[in-house]
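Asker: coords-v1.cif is reproduced below (mmCIF, C-alpha atoms).
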```cif
data_work
#
loop_
_atom_site.label_atom_id
_atom_site.label_comp_id
_atom_site.auth_asym_id
_atom_site.auth_seq_id
_atom_site.Cartn_x
_atom_site.Cartn_y
_atom_site.Cartn_z
CA MET A 102 -17.68 12.43 8.09
CA VAL A 103 -15.33 9.43 7.96
CA SER A 104 -12.13 9.86 9.93
CA VAL A 105 -8.63 8.50 9.52
CA HIS A 106 -7.58 5.81 12.01
CA HIS A 107 -5.12 7.22 14.56
CA LYS A 108 -2.41 4.66 13.66
CA THR A 109 -2.67 5.51 9.97
CA ALA A 110 -2.49 9.23 10.76
CA ALA A 111 0.54 8.66 13.02
CA ARG A 112 2.28 6.58 10.32
CA ALA A 113 1.57 9.30 7.75
CA SER A 114 2.90 11.99 10.06
CA SER A 115 6.07 10.05 10.87
CA LEU A 116 6.78 9.83 7.12
CA GLY A 117 6.02 13.52 6.45
CA PHE A 118 2.52 13.09 4.99
CA THR A 119 -0.88 14.38 6.02
CA ILE A 120 -4.18 12.72 5.16
CA ARG A 121 -7.35 14.70 4.85
CA ALA A 122 -10.86 13.53 4.13
CA CYS A 123 -12.76 15.29 1.36
CA PRO A 124 -16.49 14.50 1.43
CA PHE A 125 -18.51 13.96 -1.74
CA ILE A 126 -15.58 13.47 -4.11
CA ASN A 127 -16.34 9.86 -5.00
CA LYS A 128 -19.40 7.60 -5.08
CA SER A 129 -18.88 6.36 -1.53
CA GLY A 130 -19.04 9.93 -0.28
CA THR A 131 -15.50 10.43 0.97
CA SER A 132 -12.12 10.56 -0.68
CA PHE A 133 -8.85 10.74 1.19
CA ILE A 134 -6.04 12.94 -0.08
CA VAL A 135 -2.46 12.34 1.01
CA GLU A 136 -0.22 15.42 0.87
CA ARG A 137 3.24 16.70 1.72
CA THR A 138 4.08 20.36 2.27
CA ASP A 139 7.84 19.97 1.84
CA THR A 140 7.55 19.30 -1.91
CA PRO A 141 6.47 22.66 -3.37
CA ASP A 142 6.21 21.33 -6.93
CA ARG A 143 3.79 18.60 -5.81
CA TYR A 144 1.55 18.70 -2.75
CA GLU A 145 -0.91 15.88 -3.47
CA TRP A 146 0.66 12.41 -3.64
CA ALA A 147 -2.35 10.09 -3.67
CA ARG A 148 -6.12 10.02 -3.48
CA GLY A 149 -8.48 7.16 -2.72
CA GLY A 150 -11.49 5.86 -0.87
CA ASN A 151 -9.39 4.13 1.81
CA PRO A 152 -6.86 6.23 3.79
CA LYS A 153 -4.44 3.35 4.43
CA ASP A 154 -4.36 2.33 0.75
CA ALA A 155 -3.97 5.98 -0.30
CA LEU A 156 -1.03 6.37 2.10
CA ASP A 157 0.63 3.22 0.71
CA GLN A 158 0.25 4.62 -2.81
CA ALA A 159 1.62 8.02 -1.71
CA ILE A 160 4.69 6.36 -0.17
CA LEU A 161 5.37 4.55 -3.44
CA GLU A 162 4.81 7.71 -5.50
CA TYR A 163 7.08 9.74 -3.24
CA ALA A 164 9.83 7.09 -3.35
CA THR A 165 9.64 7.05 -7.15
CA TRP A 166 9.78 10.86 -7.23
CA ILE A 167 12.85 10.90 -4.93
CA GLU A 168 14.52 8.23 -7.06
CA LYS A 169 13.99 10.28 -10.22
CA LYS A 170 15.31 13.46 -8.58
CA SER A 171 18.51 11.84 -7.34
CA ASP A 172 20.69 8.78 -7.60
CA ASN A 173 19.34 7.54 -4.25
CA VAL A 174 16.81 4.75 -4.26
CA VAL A 175 14.51 5.32 -1.30
CA VAL A 176 11.70 2.80 -1.10
CA MET A 177 10.88 2.94 2.59
CA ALA A 178 11.87 4.91 5.64
CA GLU A 179 14.81 3.51 7.60
CA TYR A 180 12.58 2.76 10.59
CA TYR A 181 10.42 0.43 8.48
CA ARG A 182 13.44 -1.06 6.73
CA ASP A 183 14.89 -2.05 10.12
CA LYS A 184 11.58 -3.62 11.19
CA TYR A 185 11.30 -5.55 7.91
CA ASN A 186 14.93 -6.71 8.06
CA GLN A 187 14.12 -8.39 11.38
CA LYS A 188 11.49 -10.48 9.53
CA ASP A 189 13.45 -11.46 6.39
CA GLY A 190 12.29 -8.38 4.47
CA GLN A 191 8.59 -8.99 5.09
CA CYS A 192 5.99 -7.47 7.36
CA GLY A 193 5.40 -11.01 8.62
CA ASP A 194 1.65 -11.33 8.14
CA ILE A 195 -0.11 -14.18 6.35
CA VAL A 196 -0.31 -12.22 3.06
CA SER A 197 3.43 -11.54 2.91
CA LYS A 198 4.19 -15.16 3.77
CA ALA A 199 1.84 -16.44 1.05
CA MET A 200 3.22 -13.97 -1.54
CA ALA A 201 6.92 -14.50 -0.69
CA GLY A 202 8.98 -15.52 -3.69
CA LEU A 203 6.11 -15.73 -6.16
CA GLU A 204 7.16 -15.24 -9.77
CA HIS A 205 5.80 -12.47 -11.99
CA THR A 206 3.13 -14.55 -13.74
CA VAL A 207 1.88 -15.99 -10.45
CA VAL A 208 1.67 -12.53 -8.87
CA CYS A 209 -0.34 -11.32 -11.88
CA ASN A 210 -2.68 -14.33 -11.57
CA VAL A 211 -3.20 -13.64 -7.86
CA ALA A 212 -4.13 -10.06 -8.74
CA LYS A 213 -6.57 -11.18 -11.48
CA ILE A 214 -8.25 -13.77 -9.24
CA ASN A 215 -8.83 -11.11 -6.59
CA GLY A 216 -10.09 -8.44 -9.01
CA ILE A 217 -6.98 -6.24 -8.92
CA ASP A 218 -5.68 -4.57 -12.08
CA HIS A 219 -2.02 -5.58 -12.05
CA SER A 220 -1.18 -3.54 -15.16
CA VAL A 221 -0.82 -0.37 -13.08
CA TYR A 222 2.30 -1.97 -11.56
CA ASP A 223 3.87 -3.16 -14.83
CA HIS A 224 6.59 -0.47 -14.61
CA LEU A 225 7.82 -1.93 -11.29
CA ASN A 226 10.16 -4.82 -10.60
CA ASN A 227 8.59 -8.06 -9.38
CA GLY A 228 9.33 -7.38 -5.70
CA MET A 229 7.64 -3.96 -5.80
CA ARG A 230 4.76 -5.40 -7.82
CA ARG A 231 4.33 -8.21 -5.27
CA MET A 232 4.45 -5.67 -2.41
CA ASN A 233 1.84 -3.38 -3.98
CA ILE A 234 -0.53 -6.19 -4.86
CA GLY A 235 -0.05 -7.55 -1.33
CA ASN A 236 -1.03 -4.13 0.03
CA ARG A 237 -4.13 -4.14 -2.14
CA LEU A 238 -4.99 -7.64 -0.87
CA ARG A 239 -4.62 -6.41 2.72
CA GLY A 240 -6.99 -3.56 1.90
CA LYS A 241 -9.56 -6.08 0.67
CA LEU A 242 -9.16 -8.08 3.89
CA ARG A 243 -9.61 -4.93 6.01
CA ARG A 244 -12.80 -4.19 4.08
CA GLY A 245 -14.13 -7.66 4.93
CA GLU A 246 -13.40 -9.42 1.62
CA ASP A 247 -11.70 -12.83 1.49
CA VAL A 248 -8.66 -13.16 -0.79
CA ILE A 249 -7.17 -16.10 -2.67
CA ILE A 250 -3.41 -16.62 -2.97
CA GLY A 251 -2.52 -19.82 -4.79
CA ASP A 252 -4.40 -22.68 -3.14
CA GLU A 253 -5.04 -20.70 0.02
CA THR A 254 -8.11 -18.62 0.84
CA ILE A 255 -7.52 -16.03 3.54
CA LYS A 256 -10.74 -15.26 5.39
CA ALA A 257 -11.24 -11.59 6.24
CA GLU A 258 -12.62 -12.39 9.71
CA GLU A 259 -9.44 -14.36 10.53
CA TYR A 260 -7.02 -11.72 9.23
CA SER A 261 -5.11 -9.69 11.76
CA HIS A 262 -2.05 -7.52 11.17
CA ASP A 263 -0.30 -5.61 13.94
#
```
Before anything else, please render the file you have as structure tokens.

Answerer:
Amino acid sequence: MVSVHHKTAARASSLGFTIRACPFINKSGTSFIVERTDTPDRYEWARGGNPKDALDQAILEYATWIEKKSDNVVVMAEYYRDKYNQKDGQCGDIVSKAMAGLEHTVVCNVAKINGIDHSVYDHLNNGMRRMNIGNRLRGKLRRGEDVIIGDETIKAEEYSHD
């Protein structure tokens, strides 16, 4: 059975999520389900073939759910907000630097070029759209696929994100 990387599990736990692997749910053999037990009207927040991508999607879904339930806009935990504020609102890797400030049409073109369906993010503002597509690009890099952002090709074997 495929396991969840310890850093991904720790990140999930620190944000109140759990990730469990469910074998034989998808074609690759394993699907990862991200859950919360403190939301009785909704336990499952995301599902996918990659635990890190599923967690990113769950965080976005949970933030949207919180926003709809209250007047508070919670996009990321304060711990991560503080870390990102130290780096001009970015995680600081090559993907965030390449995507910084790109306009809506350019972000959509980056998604298309890399085989990502950008329409699932049409309900989001451009910053959130750019962030989500950037997360999907990072997932491709982690899986060993090169990505293209503008005139730059980021090689998977050269990508590193701490």

Asker: Can you pull out every residue within 12 Å of Asn215 of chain A, counting all atoms listed in the file, but drop anything in the same chain fewer than 5 positions away, and send it as a list in words?

Answerer: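 Surrounding residues, per the criterion: Val208, Cys209, Asn210, Ile234, Gly235, Arg237, Leu238, Arg239, Gly240, Lys241, Leu242, Glu246, Asp247, Val248, Ile249, Ile250, Gly251, Thr254 and Ile255 of chain A.
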
Asker: Next, dump the selected residues to file, keeping only C-alpha atoms, as a PDB file, keeping the file's coordinate frame.

Answerer:
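The file below, part-v7.pdb, is the result:
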```
ATOM      1  CA  VAL A 208       1.670 -12.530  -8.870  1.00  0.00           C
ATOM      2  CA  CYS A 209      -0.340 -11.320 -11.880  1.00  0.00           C
ATOM      3  CA  ASN A 210      -2.680 -14.330 -11.570  1.00  0.00           C
ATOM      4  CA  ILE A 234      -0.530  -6.190  -4.860  1.00  0.00           C
ATOM      5  CA  GLY A 235      -0.050  -7.550  -1.330  1.00  0.00           C
ATOM      6  CA  ARG A 237      -4.130  -4.140  -2.140  1.00  0.00           C
ATOM      7  CA  LEU A 238      -4.990  -7.640  -0.870  1.00  0.00           C
ATOM      8  CA  ARG A 239      -4.620  -6.410   2.720  1.00  0.00           C
ATOM      9  CA  GLY A 240      -6.990  -3.560   1.900  1.00  0.00           C
ATOM     10  CA  LYS A 241      -9.560  -6.080   0.670  1.00  0.00           C
ATOM     11  CA  LEU A 242      -9.160  -8.080   3.890  1.00  0.00           C
ATOM     12  CA  GLU A 246     -13.400  -9.420   1.620  1.00  0.00           C
ATOM     13  CA  ASP A 247     -11.700 -12.830   1.490  1.00  0.00           C
ATOM     14  CA  VAL A 248      -8.660 -13.160  -0.790  1.00  0.00           C
ATOM     15  CA  ILE A 249      -7.170 -16.100  -2.670  1.00  0.00           C
ATOM     16  CA  ILE A 250      -3.410 -16.620  -2.970  1.00  0.00           C
ATOM     17  CA  GLY A 251      -2.520 -19.820  -4.790  1.00  0.00           C
ATOM     18  CA  THR A 254      -8.110 -18.620   0.840  1.00  0.00           C
ATOM     19  CA  ILE A 255      -7.520 -16.030   3.540  1.00  0.00           C
TER      20      ILE A 255
END
```

Asker: Name the residues that the PyMOL selection byres ((chain A and resi 202) around 12) pulls out of this structure, and write them as a list in words.

Answerer: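 When the PyMOL selection byres ((chain A and resi 202) around 12) is applied to the shown file, the picked residues are Asp189, Gly190, Gln191, Val196, Ser197, Lys198, Ala199, Met200, Ala201, Leu203, Glu204, His205, Thr206, Val207, Val208, Asn227, Gly228, Met229, Arg230, Arg231 and Met232 of chain A.
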
Asker: Could you check which of A:Ser115, A:Thr131, A:Thr109, A:Asn236 is closest to Lys153 of chain A, using only C-alpha atoms?

Answerer: A:Thr109

Asker: Choose the residue, out of A:Ala110, A:Thr140, A:Asn151, A:Gly117, that has the smallest atom-to-atom separation from Ile167 of chain A; count only C-alpha atoms.

Answerer: A:Thr140

Asker: Given the file shown, enumerate the residues that the PyMOL selection byres ((chain A and resi 160) around 12) captures and present them as a PDB file with C-alpha atoms, in the coordinates of the input.

Answerer:
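For reference, part.pdb as written:
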```
ATOM      1  CA  ARG A 112       2.280   6.580  10.320  1.00  0.00           C
ATOM      2  CA  ALA A 113       1.570   9.300   7.750  1.00  0.00           C
ATOM      3  CA  SER A 114       2.900  11.990  10.060  1.00  0.00           C
ATOM      4  CA  SER A 115       6.070  10.050  10.870  1.00  0.00           C
ATOM      5  CA  LEU A 116       6.780   9.830   7.120  1.00  0.00           C
ATOM      6  CA  GLY A 117       6.020  13.520   6.450  1.00  0.00           C
ATOM      7  CA  PHE A 118       2.520  13.090   4.990  1.00  0.00           C
ATOM      8  CA  THR A 119      -0.880  14.380   6.020  1.00  0.00           C
ATOM      9  CA  VAL A 135      -2.460  12.340   1.010  1.00  0.00           C
ATOM     10  CA  GLU A 136      -0.220  15.420   0.870  1.00  0.00           C
ATOM     11  CA  ARG A 137       3.240  16.700   1.720  1.00  0.00           C
ATOM     12  CA  GLU A 145      -0.910  15.880  -3.470  1.00  0.00           C
ATOM     13  CA  TRP A 146       0.660  12.410  -3.640  1.00  0.00           C
ATOM     14  CA  ALA A 147      -2.350  10.090  -3.670  1.00  0.00           C
ATOM     15  CA  ARG A 148      -6.120  10.020  -3.480  1.00  0.00           C
ATOM     16  CA  LYS A 153      -4.440   3.350   4.430  1.00  0.00           C
ATOM     17  CA  ASP A 154      -4.360   2.330   0.750  1.00  0.00           C
ATOM     18  CA  ALA A 155      -3.970   5.980  -0.300  1.00  0.00           C
ATOM     19  CA  LEU A 156      -1.030   6.370   2.100  1.00  0.00           C
ATOM     20  CA  ASP A 157       0.630   3.220   0.710  1.00  0.00           C
ATOM     21  CA  GLN A 158       0.250   4.620  -2.810  1.00  0.00           C
ATOM     22  CA  ALA A 159       1.620   8.020  -1.710  1.00  0.00           C
ATOM     23  CA  LEU A 161       5.370   4.550  -3.440  1.00  0.00           C
ATOM     24  CA  GLU A 162       4.810   7.710  -5.500  1.00  0.00           C
ATOM     25  CA  TYR A 163       7.080   9.740  -3.240  1.00  0.00           C
ATOM     26  CA  ALA A 164       9.830   7.090  -3.350  1.00  0.00           C
ATOM     27  CA  THR A 165       9.640   7.050  -7.150  1.00  0.00           C
ATOM     28  CA  TRP A 166       9.780  10.860  -7.230  1.00  0.00           C
ATOM     29  CA  ILE A 167      12.850  10.900  -4.930  1.00  0.00           C
ATOM     30  CA  VAL A 175      14.510   5.320  -1.300  1.00  0.00           C
ATOM     31  CA  VAL A 176      11.700   2.800  -1.100  1.00  0.00           C
ATOM     32  CA  MET A 177      10.880   2.940   2.590  1.00  0.00           C
ATOM     33  CA  ALA A 178      11.870   4.910   5.640  1.00  0.00           C
ATOM     34  CA  TYR A 181      10.420   0.430   8.480  1.00  0.00           C
ATOM     35  CA  ASN A 233       1.840  -3.380  -3.980  1.00  0.00           C
ATOM     36  CA  ASN A 236      -1.030  -4.130   0.030  1.00  0.00           C
TER      37      ASN A 236
END
```

Asker: How far is it from atom CA of Ile120 of chain A to atom CA of Gly193 of chain A, in Å with one decimal?

Answerer: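 Between atom CA of Ile120 of chain A and atom CA of Gly193 of chain A the gap works out to 25.8 Å.
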
Asker: Between atom CA of Asp194 of chain A and atom CA of Ala212 of chain A, what is the spacing in Å?

Answerer: 17.9 Å

Asker: Please indicate the distance in Å from atom CA of Asp223 of chain A to atom CA of Arg243 of chain A, rounded to one decimal place.

Answerer: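 One can read the atom CA of Asp223 of chain A to atom CA of Arg243 of chain A distance as 24.9 Å.
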
Asker: Since I can't run it myself right now, could you work out what the PyMOL selection byres ((chain A and resi 105) around 8) selects here and report it as a PyMOL selection string?

Answerer: chain A and resi 103-104+106-107+109-110+120-122+152
